[in-house]
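Colleague: Just one file: data_17.cif, with mmCIF, C-alpha atoms.
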```cif
data_target
#
loop_
_atom_site.group_PDB
_atom_site.id
_atom_site.type_symbol
_atom_site.label_atom_id
_atom_site.label_comp_id
_atom_site.auth_asym_id
_atom_site.auth_seq_id
_atom_site.Cartn_x
_atom_site.Cartn_y
_atom_site.Cartn_z
ATOM 1 C CA MET Q 23 -36.971 22.293 31.194
ATOM 2 C CA ASN Q 24 -38.631 22.573 27.779
ATOM 3 C CA GLU Q 25 -40.968 19.597 27.666
ATOM 4 C CA SER Q 26 -42.621 18.793 24.364
ATOM 5 C CA PRO Q 27 -46.277 17.754 24.506
ATOM 6 C CA ASP Q 28 -45.299 14.660 22.478
ATOM 7 C CA PRO Q 29 -41.528 14.047 22.341
ATOM 8 C CA LEU Q 30 -41.912 10.780 20.395
ATOM 9 C CA LEU Q 31 -43.965 12.527 17.718
ATOM 10 C CA ASP Q 32 -41.223 15.171 17.484
ATOM 11 C CA LEU Q 33 -38.602 12.449 17.000
ATOM 12 C CA LEU Q 34 -40.713 10.705 14.353
ATOM 13 C CA HIS Q 35 -41.038 14.036 12.553
ATOM 14 C CA LEU Q 36 -37.256 14.425 12.689
ATOM 15 C CA LEU Q 37 -36.846 11.041 10.985
ATOM 16 C CA ASP Q 38 -39.530 11.723 8.352
ATOM 17 C CA LEU Q 39 -37.380 13.155 5.569
ATOM 18 C CA GLU Q 40 -38.604 15.412 2.789
ATOM 19 C CA GLN Q 41 -37.979 13.984 -0.673
ATOM 20 C CA ILE Q 42 -36.757 16.780 -2.945
ATOM 21 C CA GLU Q 43 -35.619 14.656 -5.927
ATOM 22 C CA ARG Q 44 -35.717 10.985 -6.903
ATOM 23 C CA ASP Q 45 -32.754 10.056 -4.689
ATOM 24 C CA ILE Q 46 -32.270 13.269 -2.719
ATOM 25 C CA PHE Q 47 -33.804 13.899 0.692
ATOM 26 C CA ARG Q 48 -33.681 16.701 3.217
ATOM 27 C CA GLY Q 49 -33.835 16.338 6.978
ATOM 28 C CA GLU Q 50 -34.217 18.826 9.771
ATOM 29 C CA SER Q 51 -31.663 19.166 12.534
ATOM 30 C CA ARG Q 52 -32.046 20.052 16.163
ATOM 31 C CA SER Q 53 -29.775 20.988 19.023
ATOM 32 C CA ALA Q 54 -28.099 18.130 20.849
ATOM 33 C CA LEU Q 55 -26.453 17.898 24.266
ATOM 34 C CA VAL Q 56 -23.244 19.101 22.659
ATOM 35 C CA PRO Q 57 -22.920 21.935 20.100
ATOM 36 C CA ARG Q 58 -23.243 19.655 17.072
ATOM 37 C CA VAL Q 59 -25.823 17.370 15.525
ATOM 38 C CA PHE Q 60 -26.313 14.128 17.479
ATOM 39 C CA GLY Q 61 -24.632 11.303 15.571
ATOM 40 C CA GLY Q 62 -27.546 8.930 16.076
ATOM 41 C CA GLN Q 63 -29.821 11.425 14.321
ATOM 42 C CA VAL Q 64 -27.612 11.608 11.215
ATOM 43 C CA ALA Q 65 -27.188 7.825 11.048
ATOM 44 C CA ALA Q 66 -30.913 7.206 11.443
ATOM 45 C CA GLN Q 67 -31.862 9.837 8.863
ATOM 46 C CA ALA Q 68 -29.337 8.440 6.375
ATOM 47 C CA LEU Q 69 -30.805 4.957 6.840
ATOM 48 C CA VAL Q 70 -34.297 6.386 6.277
ATOM 49 C CA ALA Q 71 -33.061 7.904 2.994
ATOM 50 C CA ALA Q 72 -31.506 4.614 1.889
ATOM 51 C CA GLY Q 73 -34.555 2.592 2.882
ATOM 52 C CA ARG Q 74 -36.936 4.774 0.909
ATOM 53 C CA THR Q 75 -35.187 3.758 -2.333
ATOM 54 C CA VAL Q 76 -35.464 0.032 -1.596
ATOM 55 C CA PRO Q 77 -38.453 -2.303 -2.214
ATOM 56 C CA ALA Q 78 -40.543 -2.803 0.926
ATOM 57 C CA ASP Q 79 -39.901 -6.551 0.984
ATOM 58 C CA ARG Q 80 -36.157 -6.015 1.558
ATOM 59 C CA ALA Q 81 -35.179 -5.422 5.168
ATOM 60 C CA ALA Q 82 -32.021 -3.644 6.315
ATOM 61 C CA HIS Q 83 -29.448 -6.166 7.522
ATOM 62 C CA SER Q 84 -26.317 -4.029 7.941
ATOM 63 C CA LEU Q 85 -24.905 -0.520 7.860
ATOM 64 C CA HIS Q 86 -21.375 0.845 7.950
ATOM 65 C CA SER Q 87 -20.759 4.547 8.411
ATOM 66 C CA TYR Q 88 -18.220 7.283 9.092
ATOM 67 C CA PHE Q 89 -18.714 10.622 10.820
ATOM 68 C CA LEU Q 90 -16.670 13.094 8.777
ATOM 69 C CA ARG Q 91 -17.456 16.523 10.208
ATOM 70 C CA ALA Q 92 -19.478 17.945 13.060
ATOM 71 C CA GLY Q 93 -23.009 18.727 11.922
ATOM 72 C CA ASP Q 94 -24.567 22.169 12.349
ATOM 73 C CA PRO Q 95 -27.799 21.811 14.373
ATOM 74 C CA GLY Q 96 -29.071 25.102 12.951
ATOM 75 C CA ALA Q 97 -29.134 23.940 9.333
ATOM 76 C CA PRO Q 98 -30.936 21.194 7.384
ATOM 77 C CA ILE Q 99 -29.026 18.166 6.098
ATOM 78 C CA VAL Q 100 -29.279 16.947 2.498
ATOM 79 C CA TYR Q 101 -28.961 13.201 1.909
ATOM 80 C CA THR Q 102 -28.030 11.924 -1.555
ATOM 81 C CA VAL Q 103 -28.522 8.218 -2.271
ATOM 82 C CA ASP Q 104 -26.509 6.180 -4.779
ATOM 83 C CA ARG Q 105 -28.181 2.961 -5.961
ATOM 84 C CA ILE Q 106 -25.059 0.817 -5.897
ATOM 85 C CA ARG Q 107 -26.648 -2.593 -6.477
ATOM 86 C CA ASP Q 108 -30.060 -4.184 -6.970
ATOM 87 C CA GLY Q 109 -29.537 -7.949 -6.969
ATOM 88 C CA LYS Q 110 -31.932 -10.885 -6.717
ATOM 89 C CA SER Q 111 -31.501 -11.121 -2.933
ATOM 90 C CA PHE Q 112 -29.505 -8.084 -1.826
ATOM 91 C CA THR Q 113 -29.769 -4.337 -2.413
ATOM 92 C CA THR Q 114 -26.944 -1.931 -1.563
ATOM 93 C CA ARG Q 115 -27.183 1.818 -1.097
ATOM 94 C CA ARG Q 116 -24.610 4.528 -0.392
ATOM 95 C CA VAL Q 117 -25.707 7.759 1.288
ATOM 96 C CA VAL Q 118 -23.767 10.998 1.727
ATOM 97 C CA ALA Q 119 -25.053 13.630 4.159
ATOM 98 C CA VAL Q 120 -24.156 17.203 3.164
ATOM 99 C CA GLN Q 121 -24.287 20.511 5.028
ATOM 100 C CA HIS Q 122 -22.968 23.873 3.808
ATOM 101 C CA GLY Q 123 -21.582 22.174 0.690
ATOM 102 C CA GLN Q 124 -19.469 19.639 2.569
ATOM 103 C CA PRO Q 125 -20.036 15.967 3.403
ATOM 104 C CA ILE Q 126 -20.490 15.399 7.136
ATOM 105 C CA PHE Q 127 -21.425 11.712 7.130
ATOM 106 C CA HIS Q 128 -21.144 8.676 4.862
ATOM 107 C CA LEU Q 129 -23.206 5.486 5.105
ATOM 108 C CA SER Q 130 -23.363 2.212 3.204
ATOM 109 C CA ALA Q 131 -26.377 0.016 3.894
ATOM 110 C CA SER Q 132 -27.413 -3.413 2.655
ATOM 111 C CA PHE Q 133 -30.933 -4.837 2.429
ATOM 112 C CA GLN Q 134 -32.070 -8.416 1.873
ATOM 113 C CA THR Q 135 -35.217 -10.318 0.957
ATOM 114 C CA TYR Q 136 -36.338 -12.755 3.669
ATOM 115 C CA GLU Q 137 -35.010 -16.310 3.432
ATOM 116 C CA GLU Q 138 -34.644 -19.353 5.669
ATOM 117 C CA GLY Q 139 -31.174 -20.382 6.845
ATOM 118 C CA MET Q 140 -29.026 -21.805 9.620
ATOM 119 C CA GLU Q 141 -29.793 -20.499 13.100
ATOM 120 C CA HIS Q 142 -27.640 -19.924 16.183
ATOM 121 C CA GLN Q 143 -26.904 -16.988 18.458
ATOM 122 C CA ALA Q 144 -24.934 -15.897 21.520
ATOM 123 C CA PRO Q 145 -27.081 -16.298 24.658
ATOM 124 C CA MET Q 146 -28.619 -13.257 26.293
ATOM 125 C CA PRO Q 147 -26.675 -12.149 29.405
ATOM 126 C CA ALA Q 148 -28.350 -11.818 32.790
ATOM 127 C CA ALA Q 149 -29.956 -8.465 33.536
ATOM 128 C CA PRO Q 150 -32.634 -7.231 35.938
ATOM 129 C CA ALA Q 151 -36.083 -6.567 34.501
ATOM 130 C CA PRO Q 152 -36.391 -3.021 33.105
ATOM 131 C CA GLU Q 153 -39.454 -2.303 35.237
ATOM 132 C CA THR Q 154 -37.286 -2.643 38.368
ATOM 133 C CA LEU Q 155 -34.878 0.108 37.231
ATOM 134 C CA PRO Q 156 -35.277 3.885 37.632
ATOM 135 C CA THR Q 157 -36.269 6.068 34.704
ATOM 136 C CA ALA Q 158 -33.987 8.876 33.525
ATOM 137 C CA ALA Q 159 -36.153 11.413 35.358
ATOM 138 C CA GLU Q 160 -35.778 9.409 38.578
ATOM 139 C CA MET Q 161 -32.074 8.568 38.223
ATOM 140 C CA LEU Q 162 -30.399 11.678 36.817
ATOM 141 C CA PRO Q 163 -31.185 14.156 39.638
ATOM 142 C CA ARG Q 164 -29.228 11.898 42.015
ATOM 143 C CA TYR Q 165 -26.042 12.935 40.204
ATOM 144 C CA ALA Q 166 -26.719 16.669 39.880
ATOM 145 C CA ASP Q 167 -23.709 17.474 42.073
ATOM 146 C CA ARG Q 168 -21.364 15.814 39.552
ATOM 147 C CA PHE Q 169 -21.968 18.504 36.942
ATOM 148 C CA SER Q 170 -20.582 22.046 37.015
ATOM 149 C CA ASP Q 171 -23.474 23.208 34.827
ATOM 150 C CA PRO Q 172 -26.731 22.978 36.804
ATOM 151 C CA GLY Q 173 -28.725 22.733 33.569
ATOM 152 C CA VAL Q 174 -27.146 19.442 32.452
ATOM 153 C CA VAL Q 175 -29.634 17.225 34.285
ATOM 154 C CA ASP Q 176 -32.615 18.935 32.663
ATOM 155 C CA ARG Q 177 -31.015 18.709 29.213
ATOM 156 C CA LEU Q 178 -30.225 15.014 29.690
ATOM 157 C CA ILE Q 179 -33.795 14.303 30.755
ATOM 158 C CA GLU Q 180 -35.164 16.324 27.844
ATOM 159 C CA ALA Q 181 -32.984 14.385 25.379
ATOM 160 C CA ARG Q 182 -34.521 11.144 26.664
ATOM 161 C CA GLN Q 183 -38.184 12.140 26.611
ATOM 162 C CA ALA Q 184 -38.925 10.159 23.442
ATOM 163 C CA VAL Q 185 -37.001 7.089 24.581
ATOM 164 C CA ASP Q 186 -37.252 5.332 27.938
ATOM 165 C CA LEU Q 187 -33.600 4.455 28.614
ATOM 166 C CA ARG Q 188 -32.745 2.783 31.920
ATOM 167 C CA TYR Q 189 -29.234 1.982 33.184
ATOM 168 C CA VAL Q 190 -28.720 -1.374 34.890
ATOM 169 C CA ASP Q 191 -25.773 0.037 36.891
ATOM 170 C CA ALA Q 192 -24.636 3.582 37.581
ATOM 171 C CA PRO Q 193 -23.699 5.549 34.434
ATOM 172 C CA PRO Q 194 -20.112 6.818 34.004
ATOM 173 C CA PHE Q 195 -20.851 10.127 35.718
ATOM 174 C CA GLY Q 196 -22.184 8.187 38.706
ATOM 175 C CA THR Q 197 -18.810 6.624 39.577
ATOM 176 C CA VAL Q 198 -16.278 9.280 38.580
ATOM 177 C CA GLY Q 199 -12.785 8.406 39.791
ATOM 178 C CA GLU Q 200 -13.644 4.724 40.261
ATOM 179 C CA PRO Q 201 -12.468 2.563 37.340
ATOM 180 C CA ARG Q 202 -14.827 -0.351 36.708
ATOM 181 C CA GLU Q 203 -15.115 -3.301 34.394
ATOM 182 C CA PRO Q 204 -15.521 -1.876 30.856
ATOM 183 C CA ARG Q 205 -19.086 -3.101 30.528
ATOM 184 C CA SER Q 206 -22.450 -1.347 30.582
ATOM 185 C CA GLN Q 207 -26.066 -2.420 30.173
ATOM 186 C CA VAL Q 208 -29.162 -0.350 29.460
ATOM 187 C CA TRP Q 209 -32.728 -1.243 28.607
ATOM 188 C CA PHE Q 210 -34.547 0.978 26.124
ATOM 189 C CA ARG Q 211 -37.813 1.370 24.237
ATOM 190 C CA THR Q 212 -39.692 4.298 22.740
ATOM 191 C CA ASN Q 213 -42.113 6.164 24.998
ATOM 192 C CA GLY Q 214 -45.111 5.160 22.907
ATOM 193 C CA LYS Q 215 -46.184 2.767 20.186
ATOM 194 C CA LEU Q 216 -44.738 2.885 16.690
ATOM 195 C CA ALA Q 217 -46.309 1.998 13.358
ATOM 196 C CA ASP Q 218 -45.782 -1.532 11.997
ATOM 197 C CA ASP Q 219 -43.018 -0.455 9.610
ATOM 198 C CA PRO Q 220 -39.824 -2.565 10.004
ATOM 199 C CA LEU Q 221 -37.654 0.242 8.590
ATOM 200 C CA LEU Q 222 -38.949 2.634 11.248
ATOM 201 C CA HIS Q 223 -37.999 0.252 14.065
ATOM 202 C CA VAL Q 224 -34.523 -0.305 12.588
ATOM 203 C CA CYS Q 225 -33.981 3.451 12.198
ATOM 204 C CA MET Q 226 -35.181 4.128 15.745
ATOM 205 C CA ALA Q 227 -32.745 1.543 17.140
ATOM 206 C CA THR Q 228 -29.992 3.164 15.069
ATOM 207 C CA TYR Q 229 -30.838 6.521 16.643
ATOM 208 C CA VAL Q 230 -30.646 5.131 20.196
ATOM 209 C CA SER Q 231 -27.531 3.046 19.562
ATOM 210 C CA ASP Q 232 -25.302 6.142 19.564
ATOM 211 C CA MET Q 233 -26.451 7.331 22.999
ATOM 212 C CA THR Q 234 -24.445 5.070 25.323
ATOM 213 C CA LEU Q 235 -22.134 2.803 23.321
ATOM 214 C CA LEU Q 236 -18.876 4.454 24.404
ATOM 215 C CA ASP Q 237 -19.868 4.458 28.107
ATOM 216 C CA SER Q 238 -17.846 1.312 28.701
ATOM 217 C CA VAL Q 239 -14.678 3.068 27.485
ATOM 218 C CA LEU Q 240 -15.203 5.725 30.159
ATOM 219 C CA LEU Q 241 -15.973 3.172 32.874
ATOM 220 C CA ALA Q 242 -12.621 1.455 32.402
ATOM 221 C CA HIS Q 243 -10.848 4.694 33.339
ATOM 222 C CA GLY Q 244 -13.202 6.147 35.931
ATOM 223 C CA ARG Q 245 -14.137 9.023 33.635
ATOM 224 C CA GLY Q 246 -17.536 10.699 33.781
ATOM 225 C CA GLY Q 247 -17.867 11.991 30.225
ATOM 226 C CA TRP Q 248 -18.486 15.276 28.444
ATOM 227 C CA ALA Q 249 -21.074 16.483 30.976
ATOM 228 C CA VAL Q 250 -18.545 16.139 33.787
ATOM 229 C CA GLY Q 251 -15.817 17.666 31.620
ATOM 230 C CA ASP Q 252 -13.125 15.047 32.186
ATOM 231 C CA VAL Q 253 -13.099 13.809 28.565
ATOM 232 C CA VAL Q 254 -13.725 15.234 25.120
ATOM 233 C CA GLY Q 255 -14.670 13.129 22.155
ATOM 234 C CA ALA Q 256 -16.867 12.316 19.197
ATOM 235 C CA SER Q 257 -17.981 9.292 17.206
ATOM 236 C CA LEU Q 258 -15.700 8.276 14.341
ATOM 237 C CA ASP Q 259 -17.535 5.348 12.790
ATOM 238 C CA HIS Q 260 -20.559 3.171 13.469
ATOM 239 C CA ALA Q 261 -21.540 -0.270 12.202
ATOM 240 C CA MET Q 262 -24.674 -2.333 12.846
ATOM 241 C CA TRP Q 263 -25.910 -5.769 11.808
ATOM 242 C CA PHE Q 264 -29.630 -6.492 12.098
ATOM 243 C CA HIS Q 265 -30.053 -10.216 12.698
ATOM 244 C CA ARG Q 266 -33.700 -10.757 13.600
ATOM 245 C CA PRO Q 267 -36.946 -8.753 13.572
ATOM 246 C CA PHE Q 268 -37.655 -6.609 16.634
ATOM 247 C CA ARG Q 269 -39.786 -3.706 17.761
ATOM 248 C CA ALA Q 270 -38.174 -0.544 19.117
ATOM 249 C CA ASP Q 271 -41.330 0.172 21.127
ATOM 250 C CA GLU Q 272 -40.757 -2.998 23.168
ATOM 251 C CA TRP Q 273 -37.955 -3.455 25.698
ATOM 252 C CA LEU Q 274 -34.501 -4.114 24.230
ATOM 253 C CA LEU Q 275 -31.381 -4.912 26.274
ATOM 254 C CA TYR Q 276 -28.264 -3.056 25.080
ATOM 255 C CA ASP Q 277 -25.276 -5.050 26.403
ATOM 256 C CA GLN Q 278 -22.096 -3.008 25.787
ATOM 257 C CA GLU Q 279 -18.379 -3.467 26.412
ATOM 258 C CA SER Q 280 -15.064 -1.937 25.403
ATOM 259 C CA PRO Q 281 -12.269 -4.312 24.331
ATOM 260 C CA SER Q 282 -9.706 -1.564 23.690
ATOM 261 C CA ALA Q 283 -8.736 2.089 24.040
ATOM 262 C CA SER Q 284 -5.519 3.506 22.587
ATOM 263 C CA GLY Q 285 -4.191 6.383 20.510
ATOM 264 C CA GLY Q 286 -6.897 8.769 21.680
ATOM 265 C CA ARG Q 287 -9.607 6.373 20.461
ATOM 266 C CA GLY Q 288 -11.927 3.986 22.257
ATOM 267 C CA LEU Q 289 -13.822 1.008 20.830
ATOM 268 C CA GLY Q 290 -17.262 -0.081 21.946
ATOM 269 C CA GLN Q 291 -19.041 -3.239 20.878
ATOM 270 C CA ALA Q 292 -22.489 -4.391 21.852
ATOM 271 C CA ARG Q 293 -25.359 -6.794 21.342
ATOM 272 C CA ILE Q 294 -29.005 -5.828 21.508
ATOM 273 C CA TYR Q 295 -31.494 -8.471 22.643
ATOM 274 C CA THR Q 296 -35.274 -8.590 22.720
ATOM 275 C CA ALA Q 297 -36.852 -9.141 26.133
ATOM 276 C CA ASP Q 298 -37.486 -12.809 25.276
ATOM 277 C CA GLY Q 299 -33.783 -13.410 24.555
ATOM 278 C CA ARG Q 300 -33.449 -13.151 20.775
ATOM 279 C CA LEU Q 301 -30.249 -11.506 19.503
ATOM 280 C CA ALA Q 302 -31.579 -8.694 17.319
ATOM 281 C CA ILE Q 303 -28.589 -6.421 16.580
ATOM 282 C CA THR Q 304 -24.802 -6.283 16.847
ATOM 283 C CA VAL Q 305 -23.181 -2.832 17.086
ATOM 284 C CA ILE Q 306 -19.557 -1.667 16.898
ATOM 285 C CA GLN Q 307 -18.387 1.923 17.213
ATOM 286 C CA GLU Q 308 -15.064 3.718 17.563
ATOM 287 C CA GLY Q 309 -14.814 7.227 18.889
ATOM 288 C CA VAL Q 310 -12.289 9.886 19.791
ATOM 289 C CA VAL Q 311 -11.884 9.800 23.578
ATOM 290 C CA ARG Q 312 -9.330 12.292 24.859
ATOM 291 C CA ILE Q 313 -8.402 13.662 28.260
ATOM 292 C CA PRO Q 314 -8.597 17.484 28.154
ATOM 293 C CA ARG Q 315 -5.270 19.279 28.305
ATOM 294 C CA GLY Q 316 -4.636 21.816 31.023
#
```
For the structure just supplied, provide its representation as structure tokens.
Modeller:
Amino acid sequence: MNESPDPLLDLLHLLDLEQIERDIFRGESRSALVPRVFGGQVAAQALVAAGRTVPADRAAHSLHSYFLRAGDPGAPIVYTVDRIRDGKSFTTRRVVAVQHGQPIFHLSASFQTYEEGMEHQAPMPAAPAPETLPTAAEMLPRYADRFSDPGVVDRLIEARQAVDLRYVDAPPFGTVGEPREPRSQVWFRTNGKLADDPLLHVCMATYVSDMTLLDSVLLAHGRGGWAVGDVVGASLDHAMWFHRPFRADEWLLYDQESPSASGGRGLGQARIYTADGRLAITVIQEGVVRIPRG
């Protein structure tokens, strides 16, 4: 297994885009667990590009995006930002990610100055404390016999070196052939402290949000996922609403469920809570989820 001396620093470098023109940025790519760029990377980088054209006193409060083409992990990605609106309270940006002359991803993001307002939220669901749950390095080897490729476990662990992600219950590949309630919970935080930059924490949560959101679709049908080989799929769209301040280097509970799957697509929706029970983020994603033919 290729262990980086500082995986979090590598991830921060990945999200630190190069500005090549006033509203044009370039980001590096890296290999993912599948032969395309990880969707969470593209979404997070696009949000970085948008955020760098917005005044620092305006925090991201929502994003809506579409995955258009599979990204090439061997090539950089160019992000062009359109300054759609700069209002008194809200700022809107549109970002297009381009590789090899073609758009691969489209994002619209909105930012807002802080203001007081009405307050209510859905209560945080019950979940065991993250410290009582196994780490990826402790949990994943238990399921090594589920994968035809013996290198999958090492690659999964490597992909989670920068982020401590802990499943509350067995992941989809842990209960193959046993349909379960379409609901999944994970705790996550970065493996190290982050700078006090709100945009960085929002972008890091965006990166992580694409890792497990469609798990609940698989659970409903007893499917293990791409690593097991009993489904093929990809993200289609991704939307997030950022309700309250949070830190991605402190424990966050990702409570996920799937209300529907049909037409070769599955829908995941989720809420992300801080450890003290504040609703920080709402996430919705649809993806292609198909059973392989033959």
Colleague: In file coordinates, which residues lie within 7 Å of (-38.8, -4.1, 30.0) using only C-alpha atoms, given as an MDAnalysis selection string?
Modeller: chainID Q and resid 151:153 209 273 297
Colleague: If the PyMOL selection byres ((chain Q and resi 129-138) around 10) is run on the structure shown, which residues does it catch, given as a PyMOL selection string?
Modeller: chain Q and resi 64-65+68-69+72-73+76-89+103-104+106-119+127-128+139-141+259-264
Colleague: Go ahead and save the picked residues with C-alpha atoms, as a PDB file, in the frame of the given file.
Modeller:
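The resulting file, again.pdb, is reproduced below:
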```pdb
ATOM      1  CA  VAL Q  64     -27.612  11.608  11.215  1.00  0.00           C
ATOM      2  CA  ALA Q  65     -27.188   7.825  11.048  1.00  0.00           C
ATOM      3  CA  ALA Q  68     -29.337   8.440   6.375  1.00  0.00           C
ATOM      4  CA  LEU Q  69     -30.805   4.957   6.840  1.00  0.00           C
ATOM      5  CA  ALA Q  72     -31.506   4.614   1.889  1.00  0.00           C
ATOM      6  CA  GLY Q  73     -34.555   2.592   2.882  1.00  0.00           C
ATOM      7  CA  VAL Q  76     -35.464   0.032  -1.596  1.00  0.00           C
ATOM      8  CA  PRO Q  77     -38.453  -2.303  -2.214  1.00  0.00           C
ATOM      9  CA  ALA Q  78     -40.543  -2.803   0.926  1.00  0.00           C
ATOM     10  CA  ASP Q  79     -39.901  -6.551   0.984  1.00  0.00           C
ATOM     11  CA  ARG Q  80     -36.157  -6.015   1.558  1.00  0.00           C
ATOM     12  CA  ALA Q  81     -35.179  -5.422   5.168  1.00  0.00           C
ATOM     13  CA  ALA Q  82     -32.021  -3.644   6.315  1.00  0.00           C
ATOM     14  CA  HIS Q  83     -29.448  -6.166   7.522  1.00  0.00           C
ATOM     15  CA  SER Q  84     -26.317  -4.029   7.941  1.00  0.00           C
ATOM     16  CA  LEU Q  85     -24.905  -0.520   7.860  1.00  0.00           C
ATOM     17  CA  HIS Q  86     -21.375   0.845   7.950  1.00  0.00           C
ATOM     18  CA  SER Q  87     -20.759   4.547   8.411  1.00  0.00           C
ATOM     19  CA  TYR Q  88     -18.220   7.283   9.092  1.00  0.00           C
ATOM     20  CA  PHE Q  89     -18.714  10.622  10.820  1.00  0.00           C
ATOM     21  CA  VAL Q 103     -28.522   8.218  -2.271  1.00  0.00           C
ATOM     22  CA  ASP Q 104     -26.509   6.180  -4.779  1.00  0.00           C
ATOM     23  CA  ILE Q 106     -25.059   0.817  -5.897  1.00  0.00           C
ATOM     24  CA  ARG Q 107     -26.648  -2.593  -6.477  1.00  0.00           C
ATOM     25  CA  ASP Q 108     -30.060  -4.184  -6.970  1.00  0.00           C
ATOM     26  CA  GLY Q 109     -29.537  -7.949  -6.969  1.00  0.00           C
ATOM     27  CA  LYS Q 110     -31.932 -10.885  -6.717  1.00  0.00           C
ATOM     28  CA  SER Q 111     -31.501 -11.121  -2.933  1.00  0.00           C
ATOM     29  CA  PHE Q 112     -29.505  -8.084  -1.826  1.00  0.00           C
ATOM     30  CA  THR Q 113     -29.769  -4.337  -2.413  1.00  0.00           C
ATOM     31  CA  THR Q 114     -26.944  -1.931  -1.563  1.00  0.00           C
ATOM     32  CA  ARG Q 115     -27.183   1.818  -1.097  1.00  0.00           C
ATOM     33  CA  ARG Q 116     -24.610   4.528  -0.392  1.00  0.00           C
ATOM     34  CA  VAL Q 117     -25.707   7.759   1.288  1.00  0.00           C
ATOM     35  CA  VAL Q 118     -23.767  10.998   1.727  1.00  0.00           C
ATOM     36  CA  ALA Q 119     -25.053  13.630   4.159  1.00  0.00           C
ATOM     37  CA  PHE Q 127     -21.425  11.712   7.130  1.00  0.00           C
ATOM     38  CA  HIS Q 128     -21.144   8.676   4.862  1.00  0.00           C
ATOM     39  CA  GLY Q 139     -31.174 -20.382   6.845  1.00  0.00           C
ATOM     40  CA  MET Q 140     -29.026 -21.805   9.620  1.00  0.00           C
ATOM     41  CA  GLU Q 141     -29.793 -20.499  13.100  1.00  0.00           C
ATOM     42  CA  ASP Q 259     -17.535   5.348  12.790  1.00  0.00           C
ATOM     43  CA  HIS Q 260     -20.559   3.171  13.469  1.00  0.00           C
ATOM     44  CA  ALA Q 261     -21.540  -0.270  12.202  1.00  0.00           C
ATOM     45  CA  MET Q 262     -24.674  -2.333  12.846  1.00  0.00           C
ATOM     46  CA  TRP Q 263     -25.910  -5.769  11.808  1.00  0.00           C
ATOM     47  CA  PHE Q 264     -29.630  -6.492  12.098  1.00  0.00           C
TER      48      PHE Q 264
END
```
Colleague: For Leu39 (chain Q), please output as a JSON list (two decimals) with C-alpha atoms, in the frame of the given file all residues within 10 Å (counting only C-alpha atoms; exclusion window: fewer than 6 positions along the same chain).
Modeller:
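What follows is the written file out-v8.json:
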```
[["chain", "number", "residue", "atom", "x", "y", "z"],
["Q", 46, "ILE", "CA", -32.27, 13.27, -2.72],
["Q", 47, "PHE", "CA", -33.80, 13.90, 0.69],
["Q", 48, "ARG", "CA", -33.68, 16.70, 3.22],
["Q", 49, "GLY", "CA", -33.84, 16.34, 6.98],
["Q", 50, "GLU", "CA", -34.22, 18.83, 9.77],
["Q", 67, "GLN", "CA", -31.86, 9.84, 8.86],
["Q", 68, "ALA", "CA", -29.34, 8.44, 6.38],
["Q", 70, "VAL", "CA", -34.30, 6.39, 6.28],
["Q", 71, "ALA", "CA", -33.06, 7.90, 2.99],
["Q", 74, "ARG", "CA", -36.94, 4.77, 0.91],
["Q", 99, "ILE", "CA", -29.03, 18.17, 6.10],
["Q", 100, "VAL", "CA", -29.28, 16.95, 2.50],
["Q", 101, "TYR", "CA", -28.96, 13.20, 1.91]]
```
Colleague: Using only C-alpha atoms, which residue out of Q:Met226, Q:Gly199, Q:Thr157, Q:Pro57 lies closest to His35 (chain Q)?
Modeller: Q:Met226
Colleague: Mind telling me what the PyMOL selection byres ((chain Q and resi 299) around 12) catches here, as an mmCIF file with C-alpha atoms, keeping the file's coordinate frame?
Modeller:
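expr.cif, written as the output of this step:
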```
data_model
loop_
_atom_site.group_PDB
_atom_site.id
_atom_site.type_symbol
_atom_site.label_atom_id
_atom_site.label_comp_id
_atom_site.auth_asym_id
_atom_site.auth_seq_id
_atom_site.Cartn_x
_atom_site.Cartn_y
_atom_site.Cartn_z
ATOM 1 C CA GLN Q 143 -26.904 -16.988 18.458
ATOM 2 C CA ALA Q 144 -24.934 -15.897 21.520
ATOM 3 C CA PRO Q 145 -27.081 -16.298 24.658
ATOM 4 C CA MET Q 146 -28.619 -13.257 26.293
ATOM 5 C CA PRO Q 147 -26.675 -12.149 29.405
ATOM 6 C CA ALA Q 148 -28.350 -11.818 32.790
ATOM 7 C CA ALA Q 149 -29.956 -8.465 33.536
ATOM 8 C CA ARG Q 266 -33.700 -10.757 13.600
ATOM 9 C CA PHE Q 268 -37.655 -6.609 16.634
ATOM 10 C CA TRP Q 273 -37.955 -3.455 25.698
ATOM 11 C CA LEU Q 274 -34.501 -4.114 24.230
ATOM 12 C CA LEU Q 275 -31.381 -4.912 26.274
ATOM 13 C CA TYR Q 276 -28.264 -3.056 25.080
ATOM 14 C CA ARG Q 293 -25.359 -6.794 21.342
ATOM 15 C CA ILE Q 294 -29.005 -5.828 21.508
ATOM 16 C CA TYR Q 295 -31.494 -8.471 22.643
ATOM 17 C CA THR Q 296 -35.274 -8.590 22.720
ATOM 18 C CA ALA Q 297 -36.852 -9.141 26.133
ATOM 19 C CA ASP Q 298 -37.486 -12.809 25.276
ATOM 20 C CA ARG Q 300 -33.449 -13.151 20.775
ATOM 21 C CA LEU Q 301 -30.249 -11.506 19.503
ATOM 22 C CA ALA Q 302 -31.579 -8.694 17.319
ATOM 23 C CA ILE Q 303 -28.589 -6.421 16.580
#
```
Colleague: When you look at Arg287 (chain Q) with a cut-off of 9 Å (counting all atoms listed in the file), what residues show up, excluding the ones that are within fewer than 3 positions of it in the same chain? I need them as a list in words.
Modeller: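 Near neighbours after the sequence-gap exclusion: Gly255, Leu258, Ser282, Ala283, Ser284, Glu308, Gly309, Val310, Val311 and Arg312 of chain Q.
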Colleague: Starting from the PyMOL selection byres ((chain Q and resi 232-247) around 8), expand the selection into actual residues of this file and give them as a PyMOL selection string.
Modeller: chain Q and resi 61-62+193-206+228-231+248-254+278-280+282-283+288-292+307-309
